[in-house]
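All remarks here apply to the structure that follows.
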Amino acid sequence: MVGDPGPNAGPANNQTNQPTYKKQSFLARSKNALLSHRAKEFVKDPRTWLELAALIVLGVYTWYAGLQSSTMTNTLVEIRKQTSFAEVTATQAQQQTELTRRQLIATQPAVIDAMIDIHIGDISKQNGSEVDFQLRNIGYVFTATPVHVQGSISRVRLPDHHVVVGTPLPVNFYFSAIRPIPYPAPDERERRNYLIDVLPPEFGAIARLKRTVKAQGTISYDNGYKEMKVLPFCKLYAEGGTWECDGFDVEFPMMLRRLNAATGHQTPAK
């Protein structure tokens with residue numbers, strides 16, 4: 001029949017392609033409805049309101065999520081700032097504590113001051129020779145506990161005072177505590193004497209600077225901050241007095257010149 005559409009013919013011009021229309025997005029369908037003058041049909045479609053409500057919900061959720069993300073970011077930045085500030089504050093507090101500790105240690109710990117004298121008696125007083133140890137605490141605040149003195153007293157040859165003659169006398173004693181002296185400090189010291197036997201032939205050798213007596217060792221003590229301090233000492237007898245070992249080699253030639261000038265004899269340096 002003429003005009004009878006075939007099985008493969010498309011829809012008539014006045015027919016709506018409903019499946020294609022339903023597959024379009026909400027915005028596309030809204031645009032097509034307005035352009036094709038089918039606004040009433042579009043408004044009456046229940047899906048229109050459902051999709052519009054969903055779009056509004058989606059927009060509100062997106063806005064709220066963005067707001068929450070911004071708030072969280074700002075909170076994280078603030079937390080990092082506070083954490084950094086706390087770390088800096090903790091570091092500064094630790095540094096200040098250490099500085100205060102060092103200042104206290106520098107001004108208040110126990111400090112042992114040692115005076116060690118060697119006395120050699122003359123030939124008429126063979127028992128008048130001794131080494132006198134006198135200690136005091138000049139720290140003014142903390143007590144030194146305990147104070148341990150150890151070392152040796154020996155006869156040595158000059159000018160090389162490292163060569164020992166005979167058997168050294170050991171030195172080993174304690175002071176359980178040495179309290180700080182009052183200020184202004186009186187000359188009060190803890191004392192300990194070691195008698196030494198100097199035989200008659202040795203007096204002449206000591207007077208001629210051939211031999212002498214040497215006291216050396218260490219003084220150890222707790223300074224009140226649980227820190228063990230060690231104070232070395234080394235003393236030599238010459239010219240009727242006590243000399244430090246450091247610098248003695250420099251002084252010895254001048255001692256010989258003074259001796260030669262006093263006796264009128266030429267005493268060799270070695």
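By convention here, the chains of the structure tokens are called A, B, ... in the order presented, each chain's residues are numbered starting at 1, and ligands are numbered starting at 1 in the order presented.
Using only C-alpha atoms, the protein and nucleic acid residues lying no more than 7 Å from Asp117 in chain A, apart from those fewer than 3 places from it along its own chain, are A:Val131, A:Asp132, A:Phe133, A:Thr242.
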Near-Lys214 in chain A list (7 Å; only C-alpha atoms; drop same-chain fewer than 3 positions) as a PDB file with C-alpha atoms, in the first residue's frame:
```
ATOM      1  CA  ILE A 153     106.751  10.673  98.394  1.00  0.00           C
ATOM      2  CA  SER A 154     110.108   9.762  96.906  1.00  0.00           C
ATOM      3  CA  ARG A 155     113.725  10.771  96.758  1.00  0.00           C
ATOM      4  CA  VAL A 156     114.799  11.790  93.265  1.00  0.00           C
ATOM      5  CA  LYS A 235     105.928  19.210  94.291  1.00  0.00           C
ATOM      6  CA  LEU A 236     109.718  19.342  94.670  1.00  0.00           C
ATOM      7  CA  TYR A 237     111.906  20.603  97.486  1.00  0.00           C
TER       8      TYR A 237
END
```
Excluding same-chain residues fewer than 3 positions from Pro180 in chain A, what lies within 8 Å of it counting only C-alpha atoms, as a ChimeraX atom specification?
/A:110,136-144
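For the choices A:Ala207, A:Glu78, A:Arg179, A:Ile120, the atom-to-atom distance to Asn260 in chain A is smallest for A:Ala207 when using only C-alpha atoms.
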Got a sec: who's within 12 Å of Thr263 in chain A, counting only C-alpha atoms, leaving out chain neighbours fewer than 5 positions off, as a PDB file with N, CA and C atoms, in the first residue's frame?
```
ATOM      1  N   ALA A 207     121.377  19.829  99.804  1.00  0.00           N
ATOM      2  CA  ALA A 207     121.862  21.205  99.835  1.00  0.00           C
ATOM      3  C   ALA A 207     122.639  21.555  98.569  1.00  0.00           C
ATOM      4  N   ARG A 208     123.339  20.571  97.987  1.00  0.00           N
ATOM      5  CA  ARG A 208     124.112  20.825  96.773  1.00  0.00           C
ATOM      6  C   ARG A 208     123.274  20.645  95.504  1.00  0.00           C
ATOM      7  N   LEU A 256     121.220  26.840  90.466  1.00  0.00           N
ATOM      8  CA  LEU A 256     122.651  26.515  90.506  1.00  0.00           C
ATOM      9  C   LEU A 256     123.513  27.771  90.551  1.00  0.00           C
ATOM     10  N   ARG A 257     123.152  28.785  89.798  1.00  0.00           N
ATOM     11  CA  ARG A 257     123.926  30.022  89.812  1.00  0.00           C
ATOM     12  C   ARG A 257     123.872  30.680  91.190  1.00  0.00           C
ATOM     13  N   ARG A 258     122.707  30.656  91.808  1.00  0.00           N
ATOM     14  CA  ARG A 258     122.600  31.234  93.153  1.00  0.00           C
ATOM     15  C   ARG A 258     123.422  30.424  94.152  1.00  0.00           C
TER      16      ARG A 258
END
```
Applying 10 Å and only C-alpha atoms, which residues near Phe252 in chain A remain after dropping the ones on its own chain fewer than 3 positions away? List them as a PyMOL selection string.
chain A and resi 158-159+209+238+247-249+255-258+269
I need the strand (DSSP E or B) residues of range 177-250 of chain A per DSSP on the backbone, written as a ChimeraX atom specification.
/A:178,180,190-195,211-222,228-238,241-244
Those residues you just picked out, can you put them in a file as a short mmCIF file (atom, residue, chain, number, x, y, z; two decimals), in the first residue's frame with C-alpha atoms?
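Writing done, so here's selection37.cif:
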```
data_model
loop_
_atom_site.label_atom_id
_atom_site.label_comp_id
_atom_site.auth_asym_id
_atom_site.auth_seq_id
_atom_site.Cartn_x
_atom_site.Cartn_y
_atom_site.Cartn_z
CA ILE A 178 85.35 19.07 103.82
CA PRO A 180 82.85 25.09 102.63
CA GLU A 190 92.16 20.10 106.97
CA ARG A 191 95.70 18.87 107.58
CA ARG A 192 97.63 15.63 107.31
CA ASN A 193 101.39 15.24 107.77
CA TYR A 194 103.69 12.54 106.43
CA LEU A 195 107.02 12.24 108.22
CA ARG A 211 118.96 15.12 95.24
CA THR A 212 115.63 16.23 96.59
CA VAL A 213 112.25 15.04 97.84
CA LYS A 214 109.28 14.82 95.50
CA ALA A 215 105.57 14.50 96.36
CA GLN A 216 103.14 13.71 93.59
CA GLY A 217 99.67 12.23 93.18
CA THR A 218 96.02 13.22 92.89
CA ILE A 219 93.23 14.64 95.03
CA SER A 220 89.77 13.41 94.00
CA TYR A 221 86.38 14.48 95.38
CA ASP A 222 82.67 14.83 94.61
CA MET A 228 84.04 13.52 90.45
CA LYS A 229 86.84 16.06 90.20
CA VAL A 230 90.51 15.07 90.09
CA LEU A 231 93.21 17.55 91.11
CA PRO A 232 96.77 16.43 90.30
CA PHE A 233 99.75 17.65 92.31
CA CYS A 234 103.51 17.44 91.92
CA LYS A 235 105.93 19.21 94.29
CA LEU A 236 109.72 19.34 94.67
CA TYR A 237 111.91 20.60 97.49
CA ALA A 238 114.76 23.00 96.64
CA GLY A 241 111.15 25.75 99.84
CA THR A 242 108.57 23.88 97.77
CA TRP A 243 108.39 24.23 93.99
CA GLU A 244 105.90 23.08 91.38
#
```
